[in-house]
Amino acid sequence: MPSCLFHEKTGLFCPGCGATRSALDLSNGDWFGAMRNNVLFVSSLGLSGVWILVSAVSEKFPEVKKLRVFRFRLWFLWWILATLITFTLLRNIPVMDFLRPVSQ
């Protein structure tokens with residue numbers, strides 16, 4: 001597995017650390033291993049799938065007004081940035097070591 005350049009240089013875990021191992025675990029059907037390596041990656045894949053499905057349905061059936069909430073907005077970028085920063089901070093706190101990848 002390729003090593004994370006950010007982790008090599010700083011000793012800290014970035015939000016993407018473990019995502020490659022997580023994707024490999026998902027391709028092998030190991031959901032628990034994937035969640036153990038990077039829970040943010042796995043959950044973002046699931047949320048992205050739901051978002052794509054709802055967006056496709058709202059484009060196909062424009063009369064369904066409730067689904068228009070899933071359109072991309074600028075506040076969503078800020079929410080993603082805040083989530084990435086929070087996840088990075090949490091996974092580098094010693095008490096939260098369950099958020100760290102299995103092997104680095």
# chains A, B, ... in the order shown; residues from 1 in each chain; ligands from 1
call {"tool": "residues_around", "arguments": {"residues": "segment 87-89 of chain A", "least_positions_apart": "4", "cutoff": "8 Å", "atoms": "only C-alpha atoms", "output": "ChimeraX atom specification"}}
result
/A:13-15,40,83,93
call {"tool": "residues_around", "arguments": {"residues": "segment 33-37 of chain A", "least_positions_apart": "4", "cutoff": "6 Å", "atoms": "only C-alpha atoms", "output": "count of residues only"}}
result
6
call {"tool": "select_by_dssp", "arguments": {"residues": "chain A", "states": "alpha helix (DSSP H)", "output": "JSON, numbers by chain"}}
result
{"A": [5, 6, 7, 8, 9, 10, 19, 20, 21, 22, 23, 24, 25, 26, 27, 31, 32, 33, 34, 35, 36, 37, 39, 40, 41, 42, 43, 44, 45, 46, 47, 48, 49, 50, 51, 52, 53, 54, 55, 56, 57, 58, 59, 60, 74, 75, 76, 77, 78, 79, 80, 81, 82, 83, 84, 85, 86, 87, 88, 89, 90, 91]}
call {"tool": "closest_residue", "arguments": {"among": "A:Gly46, A:Gly16, A:Pro62, A:Pro94", "to": "Cys4 of chain A", "atoms": "only C-alpha atoms"}}
result
A:Gly16
call {"tool": "atom_distance", "arguments": {"atom1": "atom CA of Thr20 of chain A", "atom2": "atom CA of Ala82 of chain A"}}
result
22.2 Å
call {"tool": "atom_distance", "arguments": {"atom1": "atom CA of Leu45 of chain A", "atom2": "atom CA of Ala19 of chain A"}}
result
11.1 Å
